[in-house]
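*Asks:* Data: entry-v1.cif, mmCIF, C-alpha atoms.
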data_protein
#
loop_
_atom_site.label_atom_id
_atom_site.label_comp_id
_atom_site.auth_asym_id
_atom_site.auth_seq_id
_atom_site.Cartn_x
_atom_site.Cartn_y
_atom_site.Cartn_z
CA MET A 6 20.02 -99.17 97.85
CA ASN A 7 23.33 -98.86 99.65
CA ILE A 8 22.85 -98.12 103.39
CA LYS A 9 26.12 -96.11 103.52
CA LEU A 10 24.88 -93.87 100.69
CA ILE A 11 21.55 -93.30 102.44
CA GLY A 12 23.41 -92.48 105.67
CA MET A 13 25.68 -89.99 103.89
CA VAL A 14 22.71 -88.26 102.24
CA LEU A 15 20.85 -88.01 105.57
CA LEU A 16 23.98 -86.67 107.26
CA ALA A 17 24.41 -84.04 104.53
CA ILE A 18 20.78 -82.97 104.92
CA ALA A 19 21.14 -82.76 108.72
CA VAL A 20 24.31 -80.64 108.46
CA SER A 21 22.59 -78.33 105.95
CA LEU A 22 19.64 -77.84 108.29
CA VAL A 23 21.90 -77.09 111.27
CA VAL A 24 23.91 -74.54 109.27
CA ALA A 25 20.72 -72.90 107.97
CA GLY A 26 19.30 -72.75 111.50
CA CYS A 27 22.44 -71.07 112.85
CA THR A 28 22.44 -68.33 110.23
CA ASP A 29 20.77 -65.12 111.38
CA ILE A 30 18.61 -63.92 108.51
CA GLY A 31 17.07 -60.52 109.02
CA SER A 32 13.94 -59.10 107.44
CA SER A 33 16.04 -57.91 104.53
CA GLY A 34 16.90 -61.53 103.74
CA LYS A 35 20.61 -60.84 104.25
CA ALA A 36 22.65 -62.67 106.85
CA ASN A 37 23.54 -60.57 109.88
CA ALA A 38 27.26 -59.70 109.73
CA SER A 39 27.57 -60.13 113.49
CA PRO A 40 29.82 -59.40 115.32
CA VAL A 41 30.70 -55.93 114.02
CA LYS A 42 33.79 -54.25 115.49
CA ALA A 43 33.71 -50.46 115.59
CA THR A 44 35.52 -48.46 112.93
CA TRP A 45 37.36 -45.29 113.98
CA ILE A 46 36.15 -42.13 112.24
CA ASN A 47 36.82 -38.42 112.74
CA ALA A 48 34.23 -36.08 114.17
CA GLU A 49 33.95 -32.40 113.36
CA VAL A 50 33.58 -30.09 116.34
CA SER A 51 32.32 -26.60 115.61
CA GLU A 52 31.69 -24.31 118.58
CA ASP A 53 29.10 -26.24 120.62
CA HIS A 54 28.20 -28.95 118.09
CA VAL A 55 29.72 -32.30 117.10
CA SER A 56 28.95 -33.93 113.76
CA ILE A 57 29.80 -37.14 111.95
CA PRO A 58 28.76 -38.23 108.46
CA LEU A 59 25.57 -40.29 108.46
CA SER A 60 27.10 -42.32 105.63
CA SER A 61 29.88 -43.53 107.98
CA VAL A 62 27.33 -45.23 110.21
CA GLU A 63 25.29 -46.49 107.27
CA GLU A 64 28.35 -48.03 105.60
CA ASN A 65 30.15 -49.38 108.70
CA THR A 66 27.18 -50.17 111.02
CA ASN A 67 29.34 -49.49 114.11
CA VAL A 68 31.69 -46.50 114.47
CA HIS A 69 33.43 -44.63 117.25
CA PHE A 70 35.17 -41.30 117.51
CA LYS A 71 36.76 -38.96 120.03
CA VAL A 72 35.76 -35.43 120.99
CA ASN A 73 37.95 -32.97 122.89
CA SER A 74 36.28 -30.97 125.64
CA ASP A 75 37.41 -28.78 128.52
CA SER A 76 37.24 -31.89 130.75
CA GLY A 77 39.42 -33.95 128.38
CA GLU A 78 38.98 -36.40 125.54
CA ILE A 79 35.61 -38.17 125.32
CA ALA A 80 34.94 -41.35 123.33
CA VAL A 81 31.58 -41.72 121.58
CA MET A 82 30.01 -44.55 119.59
CA ALA A 83 27.32 -44.55 116.92
CA TYR A 84 25.78 -47.70 115.51
CA LYS A 85 22.84 -48.91 113.49
CA PHE A 86 20.51 -51.51 115.01
CA ASN A 87 17.08 -52.50 113.66
CA ASP A 88 17.21 -49.65 111.13
CA GLU A 89 17.69 -47.09 113.91
CA ILE A 90 20.86 -45.17 114.74
CA PHE A 91 22.01 -44.93 118.34
CA VAL A 92 24.69 -42.58 119.70
CA ARG A 93 26.14 -43.34 123.13
CA SER A 94 29.04 -42.75 125.45
CA ASN A 95 31.83 -45.18 124.51
CA VAL A 96 33.62 -45.92 127.77
CA CYS A 97 33.76 -48.83 130.22
CA PRO A 98 35.07 -47.14 133.39
CA PRO A 99 35.97 -50.10 135.67
CA CYS A 100 38.15 -51.79 133.05
CA ASN A 101 39.31 -48.38 131.77
CA SER A 102 38.61 -49.13 128.11
CA ILE A 103 36.80 -47.79 125.10
CA GLY A 104 35.38 -49.77 122.22
CA PHE A 105 32.38 -52.04 121.86
CA THR A 106 31.52 -54.72 119.34
CA LEU A 107 27.96 -54.86 118.06
CA GLU A 108 26.91 -58.48 118.44
CA LYS A 109 23.31 -59.15 117.33
CA ASP A 110 21.24 -57.22 119.92
CA THR A 111 24.08 -56.48 122.36
CA LEU A 112 27.16 -54.31 122.74
CA VAL A 113 30.17 -56.23 124.07
CA CYS A 114 33.12 -54.41 125.67
CA ASP A 115 36.23 -55.15 123.64
CA SER A 116 38.32 -55.31 126.83
CA CYS A 117 36.35 -57.04 129.60
CA GLY A 118 33.51 -58.66 127.65
CA THR A 119 30.71 -57.01 129.65
CA VAL A 120 27.47 -57.12 127.67
CA PHE A 121 25.05 -54.20 127.26
CA ASP A 122 21.61 -53.98 125.65
CA THR A 123 21.90 -52.41 122.21
CA ALA A 124 18.59 -50.54 122.36
CA THR A 125 18.82 -49.21 125.95
CA GLY A 126 22.52 -49.24 126.83
CA ALA A 127 21.72 -51.09 130.09
CA GLY A 128 24.16 -53.66 131.46
CA ILE A 129 23.17 -57.30 130.98
CA GLY A 130 26.11 -59.31 132.26
CA GLY A 131 29.76 -59.00 133.21
CA GLY A 132 31.95 -57.02 135.58
CA CYS A 133 30.99 -53.53 134.42
CA VAL A 134 27.16 -53.79 134.22
CA SER A 135 26.73 -50.95 136.72
CA PHE A 136 27.94 -48.47 134.09
CA PRO A 137 25.20 -48.31 131.42
CA LYS A 138 26.04 -46.54 128.16
CA GLU A 139 24.18 -43.23 128.17
CA SER A 140 22.34 -42.16 125.05
CA ILE A 141 23.24 -38.91 123.30
CA PRO A 142 20.42 -37.04 121.55
CA TYR A 143 21.09 -36.05 117.96
CA THR A 144 19.53 -34.70 114.80
CA VAL A 145 20.26 -35.46 111.18
CA SER A 146 21.07 -32.43 109.05
CA ASP A 147 22.64 -32.18 105.59
CA GLY A 148 23.79 -35.82 105.70
CA ASN A 149 25.36 -35.50 109.16
CA ILE A 150 24.50 -36.77 112.62
CA VAL A 151 24.69 -33.65 114.78
CA MET A 152 24.97 -33.57 118.58
CA LYS A 153 25.36 -30.77 121.08
CA LEU A 154 28.79 -30.88 122.70
CA ASN A 155 27.17 -30.39 126.12
CA ASP A 156 24.98 -33.50 125.55
CA VAL A 157 28.11 -35.52 124.74
CA ILE A 158 29.75 -34.32 127.97
CA ILE A 159 26.64 -35.06 130.08
CA ALA A 160 26.31 -38.58 128.63
CA HIS A 161 29.98 -39.25 129.37
CA GLU A 162 29.65 -37.99 132.95
CA LYS A 163 26.56 -40.17 133.54
CA THR A 164 28.29 -43.23 132.08
CA VAL A 165 31.34 -42.95 134.34
CA GLU A 166 29.14 -42.73 137.46
CA ILE A 167 28.20 -46.05 139.05
CA ASN A 168 24.50 -46.76 138.60
#
Could I get this file's structure written as structure tokens?
*Replies:*
Amino acid sequence: MNIKLIGMVLLAIAVSLVVAGCTDIGSSGKANASPVKATWINAEVSEDHVSIPLSSVEENTNVHFKVNSDSGEIAVMAYKFNDEIFVRSNVCPPCNSIGFTLEKDTLVCDSCGTVFDTATGAGIGGGCVSFPKESIPYTVSDGNIVMKLNDVIIAHEKTVEIN
């Protein structure tokens, strides 16, 4: 048999194995679409509650929105990770930015690249790790993720304080 042909076949097999090993396959059998940039959506504010459609998070995986309060405009993120939805403050105070990309099991600041733990919001690495992303409690009602406006404000205030 031709040695060049055998070498080409072995090379093709090796490349296939490397590509397969680098693909993140979740329990659903689908490749992880990482990284996932946040999609802007609109929130509805009614008296002391903020709501966003659950379907927005389900369809986009990672969304962010703004809420007006007496203390100014507040950015919030909501994302789906390991079949759970998380809602957090969406600000990186030292670099003065908003917006995080969901990258496997981390949140990465779109401006400075600081990395935060997806499940806890704690800083992992980068210049802004001392500003963990505070969680915002929520309920699901009539197809909406519903938060108390005061909880959004408190999470924002905790996030902008150095930890």
*Asks:* Give as an NGL selection string the residues that the PyMOL selection byres ((chain A and resi 131) around 12) matches when applied to the coordinates above.
*Replies:* :A and (97 or 99-100 or 112-114 or 116-121 or 127-130 or 132-137)
*Asks:* Hey, what's within 12 Å of Asp147 (chain A) if we count all atoms listed in the file and toss same-chain stuff fewer than 6 positions away? As a VMD selection string, please?
*Replies:* chain A and resid 56 to 60
*Asks:* May I have the selected residues written with C-alpha atoms, as an mmCIF file, keeping the file's coordinate frame?
*Replies:*
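Once written, part-v2.cif looks like this:
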data_model
loop_
_atom_site.group_PDB
_atom_site.id
_atom_site.type_symbol
_atom_site.label_atom_id
_atom_site.label_comp_id
_atom_site.auth_asym_id
_atom_site.auth_seq_id
_atom_site.Cartn_x
_atom_site.Cartn_y
_atom_site.Cartn_z
ATOM 1 C CA SER A 56 28.950 -33.930 113.760
ATOM 2 C CA ILE A 57 29.800 -37.140 111.950
ATOM 3 C CA PRO A 58 28.760 -38.230 108.460
ATOM 4 C CA LEU A 59 25.570 -40.290 108.460
ATOM 5 C CA SER A 60 27.100 -42.320 105.630
#
*Asks:* I need the residue nearest Met82 (chain A) from this list: A:Val41, A:Ile141, A:Ile8, A:Val50. Use all atoms listed in the file for the distance.
*Replies:*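 Closest candidate: A:Ile141.
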*Asks:* Please work out which residues fall within 12 Å of (33.9, -47.0, 120.9), coordinates as given in the file, with only C-alpha atoms counting, and return them as a JSON list (two decimals) with C-alpha atoms, in the frame of the given file.
*Replies:*
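Listing of point-v4.json after writing:
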[["chain", "number", "residue", "atom", "x", "y", "z"],
["A", 41, "VAL", "CA", 30.70, -55.93, 114.02],
["A", 42, "LYS", "CA", 33.79, -54.25, 115.49],
["A", 43, "ALA", "CA", 33.71, -50.46, 115.59],
["A", 44, "THR", "CA", 35.52, -48.46, 112.93],
["A", 45, "TRP", "CA", 37.36, -45.29, 113.98],
["A", 46, "ILE", "CA", 36.15, -42.13, 112.24],
["A", 67, "ASN", "CA", 29.34, -49.49, 114.11],
["A", 68, "VAL", "CA", 31.69, -46.50, 114.47],
["A", 69, "HIS", "CA", 33.43, -44.63, 117.25],
["A", 70, "PHE", "CA", 35.17, -41.30, 117.51],
["A", 71, "LYS", "CA", 36.76, -38.96, 120.03],
["A", 72, "VAL", "CA", 35.76, -35.43, 120.99],
["A", 79, "ILE", "CA", 35.61, -38.17, 125.32],
["A", 80, "ALA", "CA", 34.94, -41.35, 123.33],
["A", 81, "VAL", "CA", 31.58, -41.72, 121.58],
["A", 82, "MET", "CA", 30.01, -44.55, 119.59],
["A", 83, "ALA", "CA", 27.32, -44.55, 116.92],
["A", 84, "TYR", "CA", 25.78, -47.70, 115.51],
["A", 92, "VAL", "CA", 24.69, -42.58, 119.70],
["A", 93, "ARG", "CA", 26.14, -43.34, 123.13],
["A", 94, "SER", "CA", 29.04, -42.75, 125.45],
["A", 95, "ASN", "CA", 31.83, -45.18, 124.51],
["A", 96, "VAL", "CA", 33.62, -45.92, 127.77],
["A", 97, "CYS", "CA", 33.76, -48.83, 130.22],
["A", 102, "SER", "CA", 38.61, -49.13, 128.11],
["A", 103, "ILE", "CA", 36.80, -47.79, 125.10],
["A", 104, "GLY", "CA", 35.38, -49.77, 122.22],
["A", 105, "PHE", "CA", 32.38, -52.04, 121.86],
["A", 106, "THR", "CA", 31.52, -54.72, 119.34],
["A", 107, "LEU", "CA", 27.96, -54.86, 118.06],
["A", 112, "LEU", "CA", 27.16, -54.31, 122.74],
["A", 113, "VAL", "CA", 30.17, -56.23, 124.07],
["A", 114, "CYS", "CA", 33.12, -54.41, 125.67],
["A", 115, "ASP", "CA", 36.23, -55.15, 123.64],
["A", 116, "SER", "CA", 38.32, -55.31, 126.83],
["A", 138, "LYS", "CA", 26.04, -46.54, 128.16]]
*Asks:* Ranking A:Ser140, A:Asn47, A:Ser146, A:Thr123 by minimum distance to Ala160 (chain A) and counting all atoms listed in the file, which one comes first?
*Replies:*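 So, comparing all the options, the nearest one is A:Ser140.
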*Asks:* In terms of the shortest atom-to-atom distance over all atoms listed in the file, which of A:Asn155, A:Thr144, A:Asn87, A:Thr125 is closest to Glu52 (chain A)?
*Replies:*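 Comparing A:Asn155, A:Thr144, A:Asn87, A:Thr125 against Glu52 (chain A), the winner is A:Asn155.
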*Asks:* Determine the nearest neighbour of Pro98 (chain A) from the options A:Thr111, A:Ser39, A:Ser51, A:Thr164, counting all atoms listed in the file.
*Replies:* A:Thr164
*Asks:* Expressed in Å to a single decimal, how great is the separation between CA of Gly126 (chain A) and CA of Asp88 (chain A)?
*Replies:* 16.6 Å
*Asks:* Please check which residues have atoms at most 8 Å from (23.8, -30.2, 119.4) in the file's coordinates, counting all atoms listed in the file, and write them as an MDAnalysis selection string.
*Replies:* chainID A and resid 53:55 142:144 151:156
*Asks:* Would you compute an axis-aligned box for region 151-160 of chain A, covering every atom listed for it in the file with 8 Å of margin on each side, and report centre and edge lengths in Å to one decimal as AutoDock Vina command-line options?
*Replies:*
--center_x 27.2 --center_y -34.5 --center_z 122.4 --size_x 21.1 --size_y 24.2 --size_z 31.3
*Asks:* Between CA of Ile150 (chain A) and CA of Gly77 (chain A), what is the spacing in Å?
*Replies:* 21.9 Å
